[in-house]
file query21.pdb (PDB, C-alpha atoms)
ATOM      1  CA  MET A  17      15.671 -28.032  13.251  1.00  0.00           C
ATOM      2  CA  ASN A  18      14.221 -30.900  11.324  1.00  0.00           C
ATOM      3  CA  GLY A  19      14.395 -31.412   7.573  1.00  0.00           C
ATOM      4  CA  ASP A  20      10.926 -30.035   6.865  1.00  0.00           C
ATOM      5  CA  ALA A  21      11.628 -26.843   8.784  1.00  0.00           C
ATOM      6  CA  ASP A  22      14.978 -26.438   7.010  1.00  0.00           C
ATOM      7  CA  ARG A  23      13.310 -26.958   3.660  1.00  0.00           C
ATOM      8  CA  ALA A  24      10.534 -24.473   4.431  1.00  0.00           C
ATOM      9  CA  GLY A  25      13.077 -21.911   5.607  1.00  0.00           C
ATOM     10  CA  ALA A  26      15.176 -22.398   2.493  1.00  0.00           C
ATOM     11  CA  ARG A  27      12.126 -22.010   0.261  1.00  0.00           C
ATOM     12  CA  GLU A  28      11.127 -18.824   2.089  1.00  0.00           C
ATOM     13  CA  THR A  29      14.628 -17.422   1.641  1.00  0.00           C
ATOM     14  CA  LEU A  30      14.668 -18.242  -2.082  1.00  0.00           C
ATOM     15  CA  ASP A  31      11.256 -16.633  -2.490  1.00  0.00           C
ATOM     16  CA  ALA A  32      12.527 -13.457  -0.815  1.00  0.00           C
ATOM     17  CA  LEU A  33      15.483 -13.404  -3.219  1.00  0.00           C
ATOM     18  CA  SER A  34      13.118 -13.910  -6.128  1.00  0.00           C
ATOM     19  CA  ASN A  35      10.946 -10.980  -4.995  1.00  0.00           C
ATOM     20  CA  ASP A  36      14.020  -8.777  -4.666  1.00  0.00           C
ATOM     21  CA  ARG A  37      15.097  -9.745  -8.179  1.00  0.00           C
ATOM     22  CA  LEU A  38      11.638  -8.849  -9.508  1.00  0.00           C
ATOM     23  CA  ALA A  39      11.779  -5.448  -7.783  1.00  0.00           C
ATOM     24  CA  LEU A  40      15.246  -4.875  -9.232  1.00  0.00           C
ATOM     25  CA  ALA A  41      14.028  -5.773 -12.731  1.00  0.00           C
ATOM     26  CA  GLU A  42      11.236  -3.194 -12.385  1.00  0.00           C
ATOM     27  CA  ARG A  43      13.672  -0.567 -11.108  1.00  0.00           C
ATOM     28  CA  VAL A  44      16.124  -0.869 -13.992  1.00  0.00           C
ATOM     29  CA  LYS A  45      13.491  -0.759 -16.757  1.00  0.00           C
ATOM     30  CA  THR A  46      14.423   2.010 -19.170  1.00  0.00           C
ATOM     31  CA  PRO A  47      11.929   4.857 -19.664  1.00  0.00           C
ATOM     32  CA  PRO A  48      10.067   5.099 -23.031  1.00  0.00           C
ATOM     33  CA  TRP A  49      12.234   8.020 -24.206  1.00  0.00           C
ATOM     34  CA  TYR A  50      15.520   6.186 -23.677  1.00  0.00           C
ATOM     35  CA  TYR A  51      15.885   4.238 -26.928  1.00  0.00           C
ATOM     36  CA  PRO A  52      14.493   6.950 -29.240  1.00  0.00           C
ATOM     37  CA  LEU A  53      17.092   9.337 -27.803  1.00  0.00           C
ATOM     38  CA  LEU A  54      19.771   6.671 -28.081  1.00  0.00           C
ATOM     39  CA  GLY A  55      18.663   6.264 -31.708  1.00  0.00           C
ATOM     40  CA  VAL A  56      19.060  10.004 -32.312  1.00  0.00           C
ATOM     41  CA  ALA A  57      22.562   9.949 -30.788  1.00  0.00           C
ATOM     42  CA  THR A  58      23.422   7.042 -33.095  1.00  0.00           C
ATOM     43  CA  VAL A  59      22.012   8.941 -36.105  1.00  0.00           C
ATOM     44  CA  PHE A  60      24.433  11.803 -35.378  1.00  0.00           C
ATOM     45  CA  ILE A  61      27.365   9.382 -35.611  1.00  0.00           C
ATOM     46  CA  ILE A  62      26.155   7.190 -38.492  1.00  0.00           C
ATOM     47  CA  GLY A  63      24.980  10.205 -40.484  1.00  0.00           C
ATOM     48  CA  SER A  64      28.121  12.279 -39.914  1.00  0.00           C
ATOM     49  CA  PRO A  65      29.893  11.166 -43.144  1.00  0.00           C
ATOM     50  CA  GLY A  66      27.033  12.814 -45.043  1.00  0.00           C
ATOM     51  CA  VAL A  67      28.137  16.320 -44.106  1.00  0.00           C
ATOM     52  CA  GLU A  68      31.363  18.261 -44.645  1.00  0.00           C
ATOM     53  CA  GLN A  69      33.850  19.271 -41.989  1.00  0.00           C
ATOM     54  CA  PRO A  70      33.655  20.907 -39.486  1.00  0.00           C
ATOM     55  CA  SER A  71      29.972  19.907 -39.180  1.00  0.00           C
ATOM     56  CA  ARG A  72      30.986  16.254 -39.297  1.00  0.00           C
ATOM     57  CA  SER A  73      33.138  16.536 -36.163  1.00  0.00           C
ATOM     58  CA  VAL A  74      30.406  18.502 -34.401  1.00  0.00           C
ATOM     59  CA  LEU A  75      27.844  15.776 -35.170  1.00  0.00           C
ATOM     60  CA  VAL A  76      30.144  13.027 -33.882  1.00  0.00           C
ATOM     61  CA  ALA A  77      30.889  15.044 -30.739  1.00  0.00           C
ATOM     62  CA  PHE A  78      27.160  15.610 -30.120  1.00  0.00           C
ATOM     63  CA  GLY A  79      26.494  11.912 -30.637  1.00  0.00           C
ATOM     64  CA  VAL A  80      29.183  10.805 -28.205  1.00  0.00           C
ATOM     65  CA  ILE A  81      28.146  13.394 -25.601  1.00  0.00           C
ATOM     66  CA  ALA A  82      24.517  12.295 -25.943  1.00  0.00           C
ATOM     67  CA  LEU A  83      25.478   8.611 -25.472  1.00  0.00           C
ATOM     68  CA  VAL A  84      27.427   9.431 -22.305  1.00  0.00           C
ATOM     69  CA  ALA A  85      24.680  11.716 -20.994  1.00  0.00           C
ATOM     70  CA  LEU A  86      22.034   9.029 -21.527  1.00  0.00           C
ATOM     71  CA  THR A  87      24.134   6.453 -19.686  1.00  0.00           C
ATOM     72  CA  VAL A  88      24.711   8.805 -16.755  1.00  0.00           C
ATOM     73  CA  ALA A  89      21.034   9.803 -16.661  1.00  0.00           C
ATOM     74  CA  SER A  90      19.966   6.170 -16.603  1.00  0.00           C
ATOM     75  CA  GLN A  91      22.351   5.323 -13.753  1.00  0.00           C
ATOM     76  CA  LYS A  92      21.233   8.374 -11.820  1.00  0.00           C
ATOM     77  CA  LYS A  93      17.571   7.472 -12.243  1.00  0.00           C
ATOM     78  CA  THR A  94      17.923   3.851 -11.152  1.00  0.00           C
ATOM     79  CA  GLY A  95      20.782   4.193  -8.636  1.00  0.00           C
ATOM     80  CA  VAL A  96      22.254   1.084 -10.201  1.00  0.00           C
ATOM     81  CA  THR A  97      25.179   0.565 -12.565  1.00  0.00           C
ATOM     82  CA  ILE A  98      24.943  -2.359 -14.971  1.00  0.00           C
ATOM     83  CA  ASN A  99      27.536  -3.100 -17.633  1.00  0.00           C
ATOM     84  CA  ARG A 100      26.640  -6.689 -18.373  1.00  0.00           C
ATOM     85  CA  THR A 101      23.829  -8.651 -19.917  1.00  0.00           C
ATOM     86  CA  ALA A 102      21.517 -10.850 -17.849  1.00  0.00           C
ATOM     87  CA  GLY A 103      21.632 -13.972 -19.987  1.00  0.00           C
ATOM     88  CA  PRO A 104      22.187 -15.461 -23.440  1.00  0.00           C
ATOM     89  CA  ARG A 105      19.177 -13.841 -25.108  1.00  0.00           C
ATOM     90  CA  SER A 106      19.992 -10.293 -23.990  1.00  0.00           C
ATOM     91  CA  LEU A 107      23.648 -10.926 -24.862  1.00  0.00           C
ATOM     92  CA  GLY A 108      22.662 -12.078 -28.358  1.00  0.00           C
ATOM     93  CA  ILE A 109      20.530  -8.981 -28.943  1.00  0.00           C
ATOM     94  CA  ALA A 110      23.284  -6.671 -27.646  1.00  0.00           C
ATOM     95  CA  VAL A 111      25.832  -8.279 -29.971  1.00  0.00           C
ATOM     96  CA  THR A 112      23.413  -8.064 -32.921  1.00  0.00           C
ATOM     97  CA  LEU A 113      22.805  -4.389 -32.228  1.00  0.00           C
ATOM     98  CA  GLY A 114      26.526  -3.686 -31.956  1.00  0.00           C
ATOM     99  CA  VAL A 115      27.249  -5.490 -35.214  1.00  0.00           C
ATOM    100  CA  ALA A 116      24.346  -3.714 -36.961  1.00  0.00           C
ATOM    101  CA  VAL A 117      25.539  -0.263 -35.869  1.00  0.00           C
ATOM    102  CA  ALA A 118      29.148  -1.029 -36.879  1.00  0.00           C
ATOM    103  CA  PHE A 119      27.933  -2.344 -40.256  1.00  0.00           C
ATOM    104  CA  LEU A 120      25.780   0.722 -40.884  1.00  0.00           C
ATOM    105  CA  LEU A 121      28.683   3.026 -39.999  1.00  0.00           C
ATOM    106  CA  GLY A 122      30.777   1.095 -42.517  1.00  0.00           C
ATOM    107  CA  VAL A 123      28.039   1.537 -45.129  1.00  0.00           C
ATOM    108  CA  SER A 124      27.901   5.279 -44.458  1.00  0.00           C
ATOM    109  CA  LEU A 125      31.666   5.644 -44.834  1.00  0.00           C
ATOM    110  CA  THR A 126      31.583   3.589 -48.040  1.00  0.00           C
ATOM    111  CA  LEU A 127      28.773   5.715 -49.464  1.00  0.00           C
ATOM    112  CA  GLU A 128      30.728   8.865 -48.628  1.00  0.00           C
ATOM    113  CA  SER A 129      33.917   7.575 -50.230  1.00  0.00           C
ATOM    114  CA  THR A 130      32.068   6.569 -53.417  1.00  0.00           C
ATOM    115  CA  GLY A 131      30.248   9.880 -53.776  1.00  0.00           C
ATOM    116  CA  HIS A 132      26.775   8.656 -52.825  1.00  0.00           C
ATOM    117  CA  GLU A 133      26.282  10.917 -49.791  1.00  0.00           C
ATOM    118  CA  ALA A 134      22.561  11.317 -50.410  1.00  0.00           C
ATOM    119  CA  TRP A 135      21.990   7.696 -49.397  1.00  0.00           C
ATOM    120  CA  ILE A 136      23.625   8.217 -45.995  1.00  0.00           C
ATOM    121  CA  ALA A 137      20.352   9.665 -44.718  1.00  0.00           C
ATOM    122  CA  LEU A 138      18.725   6.301 -45.366  1.00  0.00           C
ATOM    123  CA  THR A 139      21.526   4.485 -43.520  1.00  0.00           C
ATOM    124  CA  ALA A 140      21.058   6.834 -40.569  1.00  0.00           C
ATOM    125  CA  ALA A 141      17.308   6.210 -40.592  1.00  0.00           C
ATOM    126  CA  VAL A 142      17.874   2.435 -40.556  1.00  0.00           C
ATOM    127  CA  ALA A 143      20.292   2.900 -37.642  1.00  0.00           C
ATOM    128  CA  PHE A 144      17.648   4.846 -35.726  1.00  0.00           C
ATOM    129  CA  LEU A 145      15.083   2.079 -36.231  1.00  0.00           C
ATOM    130  CA  ALA A 146      17.610  -0.635 -35.367  1.00  0.00           C
ATOM    131  CA  VAL A 147      18.557   1.036 -32.095  1.00  0.00           C
ATOM    132  CA  TRP A 148      14.954   1.716 -31.163  1.00  0.00           C
ATOM    133  CA  LEU A 149      13.546  -1.707 -32.025  1.00  0.00           C
ATOM    134  CA  LEU A 150      16.496  -3.866 -30.955  1.00  0.00           C
ATOM    135  CA  GLY A 151      16.816  -1.718 -27.833  1.00  0.00           C
ATOM    136  CA  ARG A 152      13.215  -2.470 -26.901  1.00  0.00           C
ATOM    137  CA  LEU A 153      13.788  -6.155 -27.609  1.00  0.00           C
ATOM    138  CA  TYR A 154      16.928  -6.069 -25.470  1.00  0.00           C
ATOM    139  CA  ASP A 155      15.031  -4.478 -22.598  1.00  0.00           C
ATOM    140  CA  ARG A 156      12.331  -7.119 -22.741  1.00  0.00           C
ATOM    141  CA  ALA A 157      14.859  -9.978 -22.807  1.00  0.00           C
ATOM    142  CA  TYR A 158      16.931  -8.386 -20.051  1.00  0.00           C
ATOM    143  CA  TYR A 159      13.853  -7.936 -17.846  1.00  0.00           C
ATOM    144  CA  LEU A 160      12.777 -11.559 -18.252  1.00  0.00           C
ATOM    145  CA  GLU A 161      16.284 -12.941 -17.721  1.00  0.00           C
ATOM    146  CA  LEU A 162      16.906 -10.768 -14.684  1.00  0.00           C
ATOM    147  CA  ARG A 163      13.595 -11.846 -13.152  1.00  0.00           C
ATOM    148  CA  SER A 164      14.338 -15.492 -13.702  1.00  0.00           C
ATOM    149  CA  GLY A 165      17.865 -15.133 -12.371  1.00  0.00           C
ATOM    150  CA  ARG A 166      19.556 -16.374 -15.514  1.00  0.00           C
TER
ATOM    151  CA  MET B 814       8.151 -21.312  -6.864  1.00  0.00           C
ATOM    152  CA  ALA B 815      11.600 -20.863  -5.453  1.00  0.00           C
ATOM    153  CA  ALA B 816      13.910 -18.387  -7.092  1.00  0.00           C
ATOM    154  CA  ASP B 817      16.621 -19.249  -9.533  1.00  0.00           C
ATOM    155  CA  CYS B 818      18.868 -16.477  -8.291  1.00  0.00           C
ATOM    156  CA  GLY B 819      22.346 -17.638  -9.096  1.00  0.00           C
ATOM    157  CA  VAL B 820      24.330 -19.298 -11.820  1.00  0.00           C
ATOM    158  CA  GLU B 821      25.170 -22.971 -11.479  1.00  0.00           C
ATOM    159  CA  ALA B 822      27.630 -23.449  -8.630  1.00  0.00           C
ATOM    160  CA  GLU B 823      28.803 -26.176  -6.306  1.00  0.00           C
ATOM    161  CA  PRO B 824      26.411 -26.069  -3.318  1.00  0.00           C
ATOM    162  CA  ALA B 825      28.098 -24.764  -0.173  1.00  0.00           C
ATOM    163  CA  PHE B 826      26.192 -23.467   2.827  1.00  0.00           C
ATOM    164  CA  ASN B 827      27.783 -20.229   4.033  1.00  0.00           C
ATOM    165  CA  GLU B 828      27.072 -19.004   7.566  1.00  0.00           C
ATOM    166  CA  ALA B 829      28.578 -15.606   6.777  1.00  0.00           C
ATOM    167  CA  ILE B 830      25.759 -14.715   4.385  1.00  0.00           C
ATOM    168  CA  HIS B 831      22.941 -16.928   5.597  1.00  0.00           C
ATOM    169  CA  ALA B 832      21.306 -14.190   7.682  1.00  0.00           C
ATOM    170  CA  PRO B 833      18.342 -12.918   5.594  1.00  0.00           C
ATOM    171  CA  ASN B 834      19.437  -9.306   5.180  1.00  0.00           C
ATOM    172  CA  ARG B 835      23.005 -10.259   4.322  1.00  0.00           C
ATOM    173  CA  LEU B 836      21.816 -12.746   1.724  1.00  0.00           C
ATOM    174  CA  ARG B 837      19.303 -10.295   0.228  1.00  0.00           C
ATOM    175  CA  ILE B 838      21.999  -7.620  -0.114  1.00  0.00           C
ATOM    176  CA  CYS B 839      24.163 -10.119  -1.998  1.00  0.00           C
ATOM    177  CA  GLY B 840      21.163 -11.151  -4.098  1.00  0.00           C
ATOM    178  CA  ILE B 841      20.424  -7.590  -5.189  1.00  0.00           C
ATOM    179  CA  LEU B 842      24.075  -6.867  -5.942  1.00  0.00           C
ATOM    180  CA  ARG B 843      24.667 -10.161  -7.794  1.00  0.00           C
ATOM    181  CA  PRO B 844      23.385  -9.111 -11.266  1.00  0.00           C
ATOM    182  CA  VAL B 845      24.592  -5.498 -11.152  1.00  0.00           C
ATOM    183  CA  ASP B 846      27.993  -3.835 -11.144  1.00  0.00           C
ATOM    184  CA  SER B 847      27.110  -1.564  -8.250  1.00  0.00           C
ATOM    185  CA  ALA B 848      24.137  -0.060  -6.483  1.00  0.00           C
ATOM    186  CA  GLU B 849      23.698   3.018  -4.357  1.00  0.00           C
ATOM    187  CA  PHE B 850      23.363   2.484  -0.623  1.00  0.00           C
ATOM    188  CA  SER B 851      19.912   4.099  -0.773  1.00  0.00           C
ATOM    189  CA  VAL B 852      18.707   1.519  -3.317  1.00  0.00           C
ATOM    190  CA  ILE B 853      19.551  -1.333  -0.964  1.00  0.00           C
ATOM    191  CA  ARG B 854      18.101   0.477   2.037  1.00  0.00           C
ATOM    192  CA  GLU B 855      14.842   1.029   0.170  1.00  0.00           C
ATOM    193  CA  ALA B 856      14.680  -2.592  -1.003  1.00  0.00           C
ATOM    194  CA  LEU B 857      15.308  -4.039   2.450  1.00  0.00           C
ATOM    195  CA  ASP B 858      13.380  -1.361   4.338  1.00  0.00           C
ATOM    196  CA  LEU B 859      16.182  -1.036   6.877  1.00  0.00           C
ATOM    197  CA  SER B 860      17.417   1.940   8.860  1.00  0.00           C
ATOM    198  CA  GLU B 861      20.662   3.509   7.719  1.00  0.00           C
ATOM    199  CA  ALA B 862      22.392   2.341  10.892  1.00  0.00           C
ATOM    200  CA  ASN B 863      21.216  -1.245  10.537  1.00  0.00           C
ATOM    201  CA  LEU B 864      22.181  -1.434   6.891  1.00  0.00           C
ATOM    202  CA  SER B 865      25.588   0.110   7.590  1.00  0.00           C
ATOM    203  CA  LYS B 866      26.228  -2.529  10.219  1.00  0.00           C
ATOM    204  CA  THR B 867      25.158  -5.359   7.933  1.00  0.00           C
ATOM    205  CA  VAL B 868      27.194  -4.022   5.015  1.00  0.00           C
ATOM    206  CA  ARG B 869      30.239  -3.653   7.264  1.00  0.00           C
ATOM    207  CA  SER B 870      29.970  -7.303   8.272  1.00  0.00           C
ATOM    208  CA  LEU B 871      29.870  -8.323   4.585  1.00  0.00           C
ATOM    209  CA  ALA B 872      32.792  -6.044   3.781  1.00  0.00           C
ATOM    210  CA  ASP B 873      34.778  -7.500   6.686  1.00  0.00           C
ATOM    211  CA  VAL B 874      34.553 -10.994   5.215  1.00  0.00           C
ATOM    212  CA  GLY B 875      35.474  -9.638   1.765  1.00  0.00           C
ATOM    213  CA  TYR B 876      32.126 -10.190   0.053  1.00  0.00           C
ATOM    214  CA  VAL B 877      31.064  -6.570  -0.474  1.00  0.00           C
ATOM    215  CA  ARG B 878      33.062  -3.572  -1.621  1.00  0.00           C
ATOM    216  CA  VAL B 879      32.071  -0.096  -0.435  1.00  0.00           C
ATOM    217  CA  THR B 880      33.072   2.974  -2.439  1.00  0.00           C
ATOM    218  CA  LYS B 881      32.263   6.620  -1.866  1.00  0.00           C
ATOM    219  CA  SER B 882      32.172   9.231  -4.583  1.00  0.00           C
ATOM    220  CA  ALA B 883      31.113  12.820  -5.072  1.00  0.00           C
ATOM    221  CA  SER B 884      27.461  13.149  -5.921  1.00  0.00           C
ATOM    222  CA  THR B 885      26.004  15.413  -8.584  1.00  0.00           C
ATOM    223  CA  SER B 886      22.495  14.922  -7.245  1.00  0.00           C
ATOM    224  CA  ARG B 887      23.097  16.054  -3.661  1.00  0.00           C
ATOM    225  CA  THR B 888      23.088  19.659  -2.529  1.00  0.00           C
ATOM    226  CA  ASP B 889      25.142  18.969   0.606  1.00  0.00           C
ATOM    227  CA  ASN B 890      28.736  17.806   0.849  1.00  0.00           C
ATOM    228  CA  ARG B 891      27.913  14.170   1.609  1.00  0.00           C
ATOM    229  CA  ARG B 892      29.227  11.630  -0.833  1.00  0.00           C
ATOM    230  CA  THR B 893      27.262   8.836  -2.469  1.00  0.00           C
ATOM    231  CA  THR B 894      28.023   5.370  -1.138  1.00  0.00           C
ATOM    232  CA  ARG B 895      27.967   2.565  -3.682  1.00  0.00           C
ATOM    233  CA  LEU B 896      28.044  -1.123  -2.945  1.00  0.00           C
ATOM    234  CA  SER B 897      29.241  -3.936  -5.162  1.00  0.00           C
ATOM    235  CA  LEU B 898      29.768  -7.650  -4.752  1.00  0.00           C
ATOM    236  CA  THR B 899      33.353  -8.891  -4.891  1.00  0.00           C
ATOM    237  CA  SER B 900      34.363 -11.987  -6.825  1.00  0.00           C
ATOM    238  CA  ALA B 901      34.482 -13.924  -3.535  1.00  0.00           C
ATOM    239  CA  GLY B 902      31.022 -12.570  -2.700  1.00  0.00           C
ATOM    240  CA  ARG B 903      29.596 -13.750  -6.018  1.00  0.00           C
ATOM    241  CA  GLN B 904      31.033 -17.223  -5.543  1.00  0.00           C
ATOM    242  CA  ALA B 905      29.789 -17.435  -1.949  1.00  0.00           C
ATOM    243  CA  PHE B 906      26.317 -16.244  -2.950  1.00  0.00           C
ATOM    244  CA  ASP B 907      26.008 -18.638  -5.890  1.00  0.00           C
ATOM    245  CA  ALA B 908      27.185 -21.573  -3.782  1.00  0.00           C
ATOM    246  CA  HIS B 909      24.845 -20.697  -0.929  1.00  0.00           C
ATOM    247  CA  VAL B 910      21.847 -20.343  -3.248  1.00  0.00           C
ATOM    248  CA  ALA B 911      22.731 -23.691  -4.804  1.00  0.00           C
ATOM    249  CA  ALA B 912      22.790 -25.208  -1.292  1.00  0.00           C
ATOM    250  CA  LEU B 913      19.391 -23.691  -0.514  1.00  0.00           C
ATOM    251  CA  LYS B 914      17.961 -25.110  -3.734  1.00  0.00           C
ATOM    252  CA  ARG B 915      19.320 -28.507  -2.927  1.00  0.00           C
ATOM    253  CA  MET B 916      17.798 -28.218   0.527  1.00  0.00           C
ATOM    254  CA  VAL B 917      14.414 -27.357  -0.979  1.00  0.00           C
ATOM    255  CA  GLU B 918      14.699 -30.390  -3.208  1.00  0.00           C
ATOM    256  CA  GLY B 919      15.315 -32.459  -0.106  1.00  0.00           C
ATOM    257  CA  ALA B 920      18.793 -33.622  -1.023  1.00  0.00           C
ATOM    258  CA  LEU B 921      20.378 -32.363   2.184  1.00  0.00           C
ATOM    259  CA  ASP B 922      17.956 -33.998   4.651  1.00  0.00           C
TER
END
call {"tool": "encode", "arguments": {"input": "query21.pdb", "output": "structure tokens"}}
result
Amino acid sequence: MNGDADRAGARETLDALSNDRLALAERVKTPPWYYPLLGVATVFIIGSPGVEQPSRSVLVAFGVIALVALTVASQKKTGVTINRTAGPRSLGIAVTLGVAVAFLLGVSLTLESTGHEAWIALTAAVAFLAVWLLGRLYDRAYYLELRSGR
Amino acid sequence: MAADCGVEAEPAFNEAIHAPNRLRICGILRPVDSAEFSVIREALDLSEANLSKTVRSLADVGYVRVTKSASTSRTDNRRTTRLSLTSAGRQAFDAHVAALKRMVEGALD
């Protein structure tokens, strides 16, 4: 084969890979209900210090079970398992979300230990919004980075 | 525009994955931890027999790992087959894509 034919063949191959990556990005898009439900599961955990035992343990258990169930449901729906980010932007958002949730859990525990349980509901509400909004942002960044191959 | 389907790697043309279906399987598996056999079959529009043969050839050279597990979604006793790219497979894919890009740019003429 000559150089032009090689080059054309290589370009065709790269285009096919690019199309496959686009189809994959479409396949792994999360459904609209995913992040609201993830937010609710997070609320159970972040809000748990606001209630007495044994309700607290029940809330945490429900939250953890819901997180696992959502992960399994997502994998079942897409047929794909992904435990990594697609690039620096999605990684940054994932880290921010993790730090935000950990911080809010810390705030909830502090409020409980200082006798301000009533404010824990607000912390839980902020956690819900953070998961929902940052989750949507993460999805968008992940989709774009996966498409572009970065 | 050509795809940017791999991370930066030293270009190295690899005959073992150059065949289109082999390369596309690696390309789909590259950004994920694993994918069900049916996902790949649907993406490549291949028969089960053809895909099995192609996957076996990739597994034989150590680029693809095949695992079978019980399925909660099936009503029969068949297990779900999942495919994943090995570390060697990721390196080979990235290097091959880098070689293709270089070829497109005309550097390998």
call {"tool": "interface_residues", "arguments": {"input": "query21.pdb", "of": "chain A", "to": "chain B", "cutoff": "8 Å", "atoms": "all atoms listed in the file", "output": "list of chain:residue names"}}
result
A:Gly19, A:Asp22, A:Arg23, A:Ala24, A:Ala26, A:Arg27, A:Glu28, A:Thr29, A:Leu30, A:Asp31, A:Ala32, A:Leu33, A:Ser34, A:Asp36, A:Arg37, A:Ala39, A:Leu40, A:Gly95, A:Val96, A:Thr97, A:Ile98, A:Asn99, A:Arg100, A:Ala102, A:Leu162, A:Ser164, A:Gly165, A:Arg166
call {"tool": "atom_distance", "arguments": {"input": "query21.pdb", "atom1": "CA of Arg105 (chain A)", "atom2": "CA of Val44 (chain A)"}}
result
17.4 Å
call {"tool": "resolve_selection", "arguments": {"input": "query21.pdb", "expression": "the PyMOL selection byres ((chain B and resi 871-881) around 9)", "output": "CSV table (one decimal) with C-alpha atoms, in the coordinates of the input"}}
result
chain,number,residue,atom,x,y,z
B,829,ALA,CA,28.6,-15.6,6.8
B,830,ILE,CA,25.8,-14.7,4.4
B,835,ARG,CA,23.0,-10.3,4.3
B,839,CYS,CA,24.2,-10.1,-2.0
B,842,LEU,CA,24.1,-6.9,-5.9
B,866,LYS,CA,26.2,-2.5,10.2
B,867,THR,CA,25.2,-5.4,7.9
B,868,VAL,CA,27.2,-4.0,5.0
B,869,ARG,CA,30.2,-3.7,7.3
B,870,SER,CA,30.0,-7.3,8.3
B,882,SER,CA,32.2,9.2,-4.6
B,883,ALA,CA,31.1,12.8,-5.1
B,892,ARG,CA,29.2,11.6,-0.8
B,893,THR,CA,27.3,8.8,-2.5
B,894,THR,CA,28.0,5.4,-1.1
B,895,ARG,CA,28.0,2.6,-3.7
B,896,LEU,CA,28.0,-1.1,-2.9
B,897,SER,CA,29.2,-3.9,-5.2
B,898,LEU,CA,29.8,-7.6,-4.8
B,899,THR,CA,33.4,-8.9,-4.9
B,900,SER,CA,34.4,-12.0,-6.8
B,901,ALA,CA,34.5,-13.9,-3.5
B,902,GLY,CA,31.0,-12.6,-2.7
B,903,ARG,CA,29.6,-13.8,-6.0
B,905,ALA,CA,29.8,-17.4,-1.9
B,906,PHE,CA,26.3,-16.2,-3.0
call {"tool": "residues_around", "arguments": {"input": "query21.pdb", "residues": "Glu128 (chain A)", "least_positions_apart": "6", "cutoff": "10 Å", "atoms": "all atoms listed in the file", "output": "VMD selection string"}}
result
chain A and resid 64 to 67 122 134 to 136
call {"tool": "write_last_selection", "arguments": {"input": "query21.pdb", "atoms": "C-alpha atoms", "output": "PDB file, keeping the file's coordinate frame"}}
result
ATOM      1  CA  SER A  64      28.121  12.279 -39.914  1.00  0.00           C
ATOM      2  CA  PRO A  65      29.893  11.166 -43.144  1.00  0.00           C
ATOM      3  CA  GLY A  66      27.033  12.814 -45.043  1.00  0.00           C
ATOM      4  CA  VAL A  67      28.137  16.320 -44.106  1.00  0.00           C
ATOM      5  CA  GLY A 122      30.777   1.095 -42.517  1.00  0.00           C
ATOM      6  CA  ALA A 134      22.561  11.317 -50.410  1.00  0.00           C
ATOM      7  CA  TRP A 135      21.990   7.696 -49.397  1.00  0.00           C
ATOM      8  CA  ILE A 136      23.625   8.217 -45.995  1.00  0.00           C
TER       9      ILE A 136
END
call {"tool": "residues_around", "arguments": {"input": "query21.pdb", "residues": "Glu823 (chain B)", "least_positions_apart": "2", "cutoff": "7 Å", "atoms": "only C-alpha atoms", "output": "list in words"}}
result
Ala825, Ala908 and Ala911 of chain B
call {"tool": "residues_around", "arguments": {"input": "query21.pdb", "residues": "region 141-155 of chain A", "least_positions_apart": "6", "cutoff": "12 Å", "atoms": "all atoms listed in the file", "output": "MDAnalysis selection string"}}
result
chainID A and resid 41:42 44:63 101:124 135 161:162
call {"tool": "atom_distance", "arguments": {"input": "query21.pdb", "atom1": "CA of Asn827 (chain B)", "atom2": "CA of Asp858 (chain B)"}}
result
23.7 Å
call {"tool": "axis_aligned_box", "arguments": {"input": "query21.pdb", "around": "region 36-48 of chain A", "padding_each_side": "8 Å", "output": "lines of an AutoDock Vina configuration file"}}
result
center_x = 13.1
center_y = -2.3
center_z = -13.8
size_x = 22.1
size_y = 30.8
size_z = 34.4
call {"tool": "decode", "arguments": {"input": "query21.pdb", "residues": "region 68-76 of chain A", "atoms": "N, CA and C atoms", "output": "PDB file, in the first residue's frame"}}
result
ATOM      1  N   GLU A  68     -32.823  10.331  66.821  1.00  0.00           N
ATOM      2  CA  GLU A  68     -32.295   9.478  67.885  1.00  0.00           C
ATOM      3  C   GLU A  68     -32.147   8.041  67.397  1.00  0.00           C
ATOM      4  N   GLN A  69     -31.363   7.274  68.127  1.00  0.00           N
ATOM      5  CA  GLN A  69     -31.289   5.839  67.870  1.00  0.00           C
ATOM      6  C   GLN A  69     -32.617   5.200  68.291  1.00  0.00           C
ATOM      7  N   PRO A  70     -33.091   4.125  67.681  1.00  0.00           N
ATOM      8  CA  PRO A  70     -32.438   3.379  66.603  1.00  0.00           C
ATOM      9  C   PRO A  70     -32.741   3.916  65.214  1.00  0.00           C
ATOM     10  N   SER A  71     -33.540   5.012  65.127  1.00  0.00           N
ATOM     11  CA  SER A  71     -33.893   5.559  63.812  1.00  0.00           C
ATOM     12  C   SER A  71     -32.656   5.994  63.034  1.00  0.00           C
ATOM     13  N   ARG A  72     -31.652   6.471  63.771  1.00  0.00           N
ATOM     14  CA  ARG A  72     -30.425   6.926  63.113  1.00  0.00           C
ATOM     15  C   ARG A  72     -29.767   5.785  62.316  1.00  0.00           C
ATOM     16  N   SER A  73     -29.632   4.632  62.954  1.00  0.00           N
ATOM     17  CA  SER A  73     -29.010   3.485  62.285  1.00  0.00           C
ATOM     18  C   SER A  73     -29.844   3.028  61.089  1.00  0.00           C
ATOM     19  N   VAL A  74     -31.160   3.097  61.250  1.00  0.00           N
ATOM     20  CA  VAL A  74     -32.053   2.688  60.155  1.00  0.00           C
ATOM     21  C   VAL A  74     -31.869   3.621  58.962  1.00  0.00           C
ATOM     22  N   LEU A  75     -31.774   4.925  59.218  1.00  0.00           N
ATOM     23  CA  LEU A  75     -31.575   5.897  58.139  1.00  0.00           C
ATOM     24  C   LEU A  75     -30.254   5.639  57.400  1.00  0.00           C
ATOM     25  N   VAL A  76     -29.190   5.429  58.169  1.00  0.00           N
ATOM     26  CA  VAL A  76     -27.882   5.171  57.556  1.00  0.00           C
ATOM     27  C   VAL A  76     -27.940   3.893  56.712  1.00  0.00           C
TER      28      VAL A  76
END
